[in-house]
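The structure appears below as structure tokens.
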Amino acid sequence: MTVRTRKPYIAGNWKMNLDRSKSLDLVKTVKGRIGDGSGREVAFFVPSIYLADVSAVAQGSPLGVGGQNMWHEDHGAYTGELAPRMLREVGADRVLVGHSERRHVFKEPEEWMSRKLRAALDSDLQPIFCIGEKLEERKSKRTDRVLKKQLESGFAHVKPEDAHRISIAYEPVWAIGTGETATLEQVDLAHATIRKWLTSKVGEEAETVRILYGGSVNPDNAKDIMALESVDGLLVGGASLQAETFLPIIEYDA
Ligand code: 13P
């Protein structure tokens with residue numbers, strides 16, 4: 001049996017899906033099923049336009065609500081962007097930083113990540129910092145190198161005492177939305193690389209950082225992935241959009 005020192009963290013990233021009414025229904029259902037939240041942490045990363053409404057419904061429950069992205073400045077001429085304080089103002093307590101789709105579809109450069117991570121911490125938003133290799137990088141055996149580089153640049157302004165507020169999601173790009181999950185061995189090795197790098201960076205504080213897996217997680221594979229001692233949680237895309245698929249993932253050990 002896996003002995004856990006870190007609280008399991010099951011997060012749903014809705015991306016640009018659902019509508020207002022379906023979002024609120026889903027939040028109501030999940031909120032009613034997670035109890036007092038002592039056994040695990042559950043959160044949704046929500047399109048920003050629905051954050052205020054979703055937060056209002058989630059209020060009074062341990063369900064976390066977060067933004068999917070943000071800009072690192074506090075205000076200014078950044079058309080279309082959101083400041084961390086704006087996310088906070090509409091009830092978000094967390095945010096994704098460096099999601100694969102931000103990096104690869106919207107071409108956000110690597111050097112933005114450390115500023116965003118710093119800004120999230122400074123604004124008291126709990127970040128999930130997302131990293132992961134592309135298929136060609138895995139095929140050419142560069143996975144470790146890519147992960148370390150992403151960690152190195154993202155953590156440039158992180159101090160050891162900040163570490164416990166950060167979670168990391170390992171999301172191999174080729175496993176996102178493809179139905180192809182990384183094998184348990186691939187997940188375990190990547191998470192070990194991340195944990196080792198963290199220890200070299202922040203020392204024993206590394207033990208406080210949760211490392212999540214993301215990429216085609218579903219009710220059938222969640223239990224096995226969570227059984228790995230190196231996995232502290234899951235970041236779920238498609239399967240987080242419906243209670244029928246997300247609840248069994250939250251209750252992976254039922
Ligand atoms: P899928 O679960 O749809 O593969 O998405 C994973 C993801 O990108 C979560 O952030």
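Labels used: A, B, ... for chains in the order of the structure tokens, numbers from 1 for residues in each chain, and numbers from 1 for ligands as shown.
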
ask   = So which residues of segment 7-100 of chain A fall under strand (DSSP E) by DSSP, listed as a list in words?
value =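 The strand (DSSP E) subset of segment 7-100 of chain A is Tyr9, Ile10, Ala11, Gly12, Asn13, Glu41, Val42, Ala43, Phe44, Phe45, Gly64, Val65, Gly66, Gly67, Arg94, Val95, Leu96 and Val97 of chain A.
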
Would you mind exporting the chosen residues as a PDB file, in the first residue's frame, restricted to N, CA and C atoms?
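Okay, this is what ended up in selection_4.pdb:
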ATOM      1  N   TYR A   9      -4.102  15.300  -4.497  1.00  0.00           N
ATOM      2  CA  TYR A   9      -4.652  16.508  -5.115  1.00  0.00           C
ATOM      3  C   TYR A   9      -5.237  16.113  -6.469  1.00  0.00           C
ATOM      4  N   ILE A  10      -6.562  16.198  -6.582  1.00  0.00           N
ATOM      5  CA  ILE A  10      -7.221  15.836  -7.838  1.00  0.00           C
ATOM      6  C   ILE A  10      -7.819  17.111  -8.437  1.00  0.00           C
ATOM      7  N   ALA A  11      -7.301  17.502  -9.597  1.00  0.00           N
ATOM      8  CA  ALA A  11      -7.716  18.776 -10.178  1.00  0.00           C
ATOM      9  C   ALA A  11      -8.283  18.555 -11.575  1.00  0.00           C
ATOM     10  N   GLY A  12      -9.340  19.301 -11.865  1.00  0.00           N
ATOM     11  CA  GLY A  12      -9.947  19.247 -13.201  1.00  0.00           C
ATOM     12  C   GLY A  12      -9.658  20.540 -13.942  1.00  0.00           C
ATOM     13  N   ASN A  13      -9.144  20.423 -15.147  1.00  0.00           N
ATOM     14  CA  ASN A  13      -8.895  21.592 -15.990  1.00  0.00           C
ATOM     15  C   ASN A  13      -9.920  21.565 -17.116  1.00  0.00           C
ATOM     16  N   GLU A  41      -7.499  16.907  -1.731  1.00  0.00           N
ATOM     17  CA  GLU A  41      -7.816  18.254  -2.190  1.00  0.00           C
ATOM     18  C   GLU A  41      -8.386  18.134  -3.601  1.00  0.00           C
ATOM     19  N   VAL A  42      -9.509  18.802  -3.849  1.00  0.00           N
ATOM     20  CA  VAL A  42     -10.142  18.754  -5.164  1.00  0.00           C
ATOM     21  C   VAL A  42     -10.316  20.184  -5.660  1.00  0.00           C
ATOM     22  N   ALA A  43     -10.022  20.409  -6.929  1.00  0.00           N
ATOM     23  CA  ALA A  43     -10.146  21.763  -7.473  1.00  0.00           C
ATOM     24  C   ALA A  43     -10.531  21.715  -8.945  1.00  0.00           C
ATOM     25  N   PHE A  44     -11.162  22.813  -9.376  1.00  0.00           N
ATOM     26  CA  PHE A  44     -11.446  22.997 -10.802  1.00  0.00           C
ATOM     27  C   PHE A  44     -10.715  24.237 -11.305  1.00  0.00           C
ATOM     28  N   PHE A  45     -10.138  24.131 -12.493  1.00  0.00           N
ATOM     29  CA  PHE A  45      -9.556  25.283 -13.177  1.00  0.00           C
ATOM     30  C   PHE A  45     -10.528  25.664 -14.290  1.00  0.00           C
ATOM     31  N   GLY A  64     -11.521  23.748  -4.350  1.00  0.00           N
ATOM     32  CA  GLY A  64     -10.681  24.850  -4.814  1.00  0.00           C
ATOM     33  C   GLY A  64     -11.119  25.313  -6.188  1.00  0.00           C
ATOM     34  N   VAL A  65     -10.927  26.591  -6.449  1.00  0.00           N
ATOM     35  CA  VAL A  65     -11.306  27.154  -7.746  1.00  0.00           C
ATOM     36  C   VAL A  65     -10.145  27.986  -8.266  1.00  0.00           C
ATOM     37  N   GLY A  66      -9.756  27.720  -9.511  1.00  0.00           N
ATOM     38  CA  GLY A  66      -8.581  28.416 -10.023  1.00  0.00           C
ATOM     39  C   GLY A  66      -8.733  28.899 -11.444  1.00  0.00           C
ATOM     40  N   GLY A  67      -7.844  29.820 -11.820  1.00  0.00           N
ATOM     41  CA  GLY A  67      -7.757  30.300 -13.193  1.00  0.00           C
ATOM     42  C   GLY A  67      -6.837  29.394 -14.004  1.00  0.00           C
ATOM     43  N   ARG A  94      -6.182  29.690  -6.761  1.00  0.00           N
ATOM     44  CA  ARG A  94      -5.084  28.960  -7.412  1.00  0.00           C
ATOM     45  C   ARG A  94      -5.058  29.265  -8.903  1.00  0.00           C
ATOM     46  N   VAL A  95      -3.990  28.822  -9.567  1.00  0.00           N
ATOM     47  CA  VAL A  95      -3.856  29.113 -10.997  1.00  0.00           C
ATOM     48  C   VAL A  95      -2.918  28.096 -11.656  1.00  0.00           C
ATOM     49  N   LEU A  96      -3.184  27.805 -12.922  1.00  0.00           N
ATOM     50  CA  LEU A  96      -2.242  26.993 -13.695  1.00  0.00           C
ATOM     51  C   LEU A  96      -1.189  27.904 -14.307  1.00  0.00           C
ATOM     52  N   VAL A  97       0.041  27.464 -14.289  1.00  0.00           N
ATOM     53  CA  VAL A  97       1.124  28.214 -14.929  1.00  0.00           C
ATOM     54  C   VAL A  97       1.835  27.275 -15.912  1.00  0.00           C
TER      55      VAL A  97
END

Helix (DSSP H, G or I) per DSSP on the backbone: members of segment 71-112 of chain A, as a ChimeraX atom specification = /A:84-89,100-104,110-112

request  = Give as number ranges by chain the residues surrounding ligand 1 up to a distance of 6 Å, considering only C-alpha atoms and all ligand atoms.
outcome  = A: 13, 176-177, 214-217, 235-238

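From atom CA of Val209 of chain A back to atom CA of Glu185 of chain A, the distance works out to 20.7 Å.
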
inquiry  = Set the distance at 9 Å and use only C-alpha atoms: which residues neighbour Leu151 of chain A once local chain neighbours fewer than 6 positions away are removed? I'd like the list as a VMD selection string.
reply    = chain A and resid 129 131 194 197 to 198

inquiry  = Just checking: using only C-alpha atoms, which residue out of A:Ile49, A:Asp122, A:Pro127, A:Lys148 ends up closest to Arg20 of chain A?
reply    =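 Of A:Ile49, A:Asp122, A:Pro127, A:Lys148, the one nearest Arg20 of chain A, counting only C-alpha atoms, is A:Ile49.
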
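Excluding segment 160-171 of chain A and any residue on its chain fewer than 6 positions from it, the residues at most 8 Å away by only C-alpha atoms are Ser100, Leu121, Gln126, Pro127, Ile128, Phe129, Cys130, Ile131, Gly132, Glu133, Ala190, His191, Lys201, Val202, Gly203, Glu205, Ala206, Thr208, Val209, Arg210, Ile211, Leu212, Tyr213, Gly214, Gly215, Leu234 and Leu235 of chain A.
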
Export of the given selection (N, CA and C atoms) as a compact mmCIF listing (two decimals), in the first residue's frame:
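Written file, part_32.txt:
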# COMPACT_ATOMS: atom_id res chain seq x y z
N SER A 100 0.62 23.16 -21.12
CA SER A 100 1.09 22.77 -22.46
C SER A 100 0.44 23.59 -23.58
N LEU A 121 2.68 33.34 -6.57
CA LEU A 121 3.04 33.20 -5.15
C LEU A 121 2.85 34.52 -4.41
N GLN A 126 -2.26 29.70 -5.34
CA GLN A 126 -1.50 28.45 -5.26
C GLN A 126 -1.28 27.94 -6.70
N PRO A 127 -0.04 27.93 -7.19
CA PRO A 127 0.15 27.54 -8.58
C PRO A 127 0.31 26.03 -8.79
N ILE A 128 -0.20 25.56 -9.93
CA ILE A 128 0.25 24.26 -10.46
C ILE A 128 1.11 24.60 -11.65
N PHE A 129 2.37 24.29 -11.55
CA PHE A 129 3.32 24.57 -12.62
C PHE A 129 3.39 23.34 -13.53
N CYS A 130 3.00 23.53 -14.80
CA CYS A 130 2.88 22.39 -15.72
C CYS A 130 4.11 22.26 -16.61
N ILE A 131 4.60 21.06 -16.71
CA ILE A 131 5.75 20.79 -17.58
C ILE A 131 5.51 19.47 -18.32
N GLY A 132 6.29 19.25 -19.35
CA GLY A 132 6.14 17.98 -20.07
C GLY A 132 6.81 18.05 -21.43
N GLU A 133 7.23 16.88 -21.89
CA GLU A 133 7.96 16.82 -23.16
C GLU A 133 7.04 16.54 -24.34
N ALA A 190 9.62 9.89 -14.80
CA ALA A 190 9.57 11.36 -14.94
C ALA A 190 9.38 12.01 -13.57
N HIS A 191 8.51 11.44 -12.75
CA HIS A 191 8.28 12.02 -11.42
C HIS A 191 9.54 11.92 -10.56
N LYS A 201 17.35 21.67 -5.85
CA LYS A 201 17.05 23.10 -5.90
C LYS A 201 16.64 23.66 -4.53
N VAL A 202 15.75 22.97 -3.82
CA VAL A 202 15.21 23.54 -2.58
C VAL A 202 15.48 22.67 -1.35
N GLY A 203 16.31 21.66 -1.50
CA GLY A 203 16.67 20.82 -0.36
C GLY A 203 15.48 20.04 0.17
N GLU A 205 12.82 20.85 1.51
CA GLU A 205 11.49 21.41 1.18
C GLU A 205 10.87 20.70 -0.02
N ALA A 206 11.71 20.06 -0.82
CA ALA A 206 11.22 19.33 -2.00
C ALA A 206 10.16 18.30 -1.60
N THR A 208 7.78 18.62 0.30
CA THR A 208 6.46 19.23 0.50
C THR A 208 5.73 19.50 -0.82
N VAL A 209 6.45 19.37 -1.93
CA VAL A 209 5.87 19.70 -3.24
C VAL A 209 5.09 18.49 -3.78
N ARG A 210 3.85 18.73 -4.18
CA ARG A 210 3.09 17.64 -4.79
C ARG A 210 3.34 17.58 -6.29
N ILE A 211 3.55 16.37 -6.78
CA ILE A 211 3.76 16.17 -8.22
C ILE A 211 2.58 15.39 -8.77
N LEU A 212 1.85 16.03 -9.69
CA LEU A 212 0.64 15.45 -10.27
C LEU A 212 0.97 14.90 -11.67
N TYR A 213 0.19 13.92 -12.08
CA TYR A 213 0.29 13.46 -13.47
C TYR A 213 -0.94 13.94 -14.23
N GLY A 214 -0.75 14.35 -15.47
CA GLY A 214 -1.86 14.71 -16.35
C GLY A 214 -1.63 14.19 -17.76
N GLY A 215 -2.70 13.80 -18.42
CA GLY A 215 -2.59 13.30 -19.80
C GLY A 215 -3.47 12.08 -19.96
N LEU A 234 -3.61 14.15 -9.64
CA LEU A 234 -3.92 14.06 -11.07
C LEU A 234 -4.45 15.40 -11.57
N LEU A 235 -4.05 15.77 -12.77
CA LEU A 235 -4.61 16.94 -13.44
C LEU A 235 -5.38 16.42 -14.65

query = Leaving out Ala254 of chain A and any residue of its chain fewer than 4 positions from it, which residues lie within 12 Å of it when counting only C-alpha atoms, given as a ChimeraX atom specification?
reply = /A:39,219,222-223,247-250

query = Looking at only C-alpha atoms, which of A:Asp188, A:Asp74, A:Glu229, A:Asp36 is the one that sits closest to Arg115 of chain A?
reply =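 When distances to Arg115 of chain A are compared using only C-alpha atoms, the smallest one comes from A:Asp74.
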
query = What is the atom CA of Leu82 of chain A-atom CA of Val146 of chain A distance in Å, reported with one decimal?
reply =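 Interatomic distance, atom CA of Leu82 of chain A to atom CA of Val146 of chain A: 28.2 Å.
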
Distance criterion (only C-alpha atoms): nearest to Glu111 of chain A out of A:Glu180, A:Glu152, A:Asp220, A:Glu81 = A:Glu152

message = Applying 10 Å and only C-alpha atoms, which residues near Gly35 of chain A remain after dropping the ones on its own chain fewer than 6 positions away? List them as a list in words.
response =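 Listed by chain and then number, they are Ser61, Pro62 and Leu63 of chain A.
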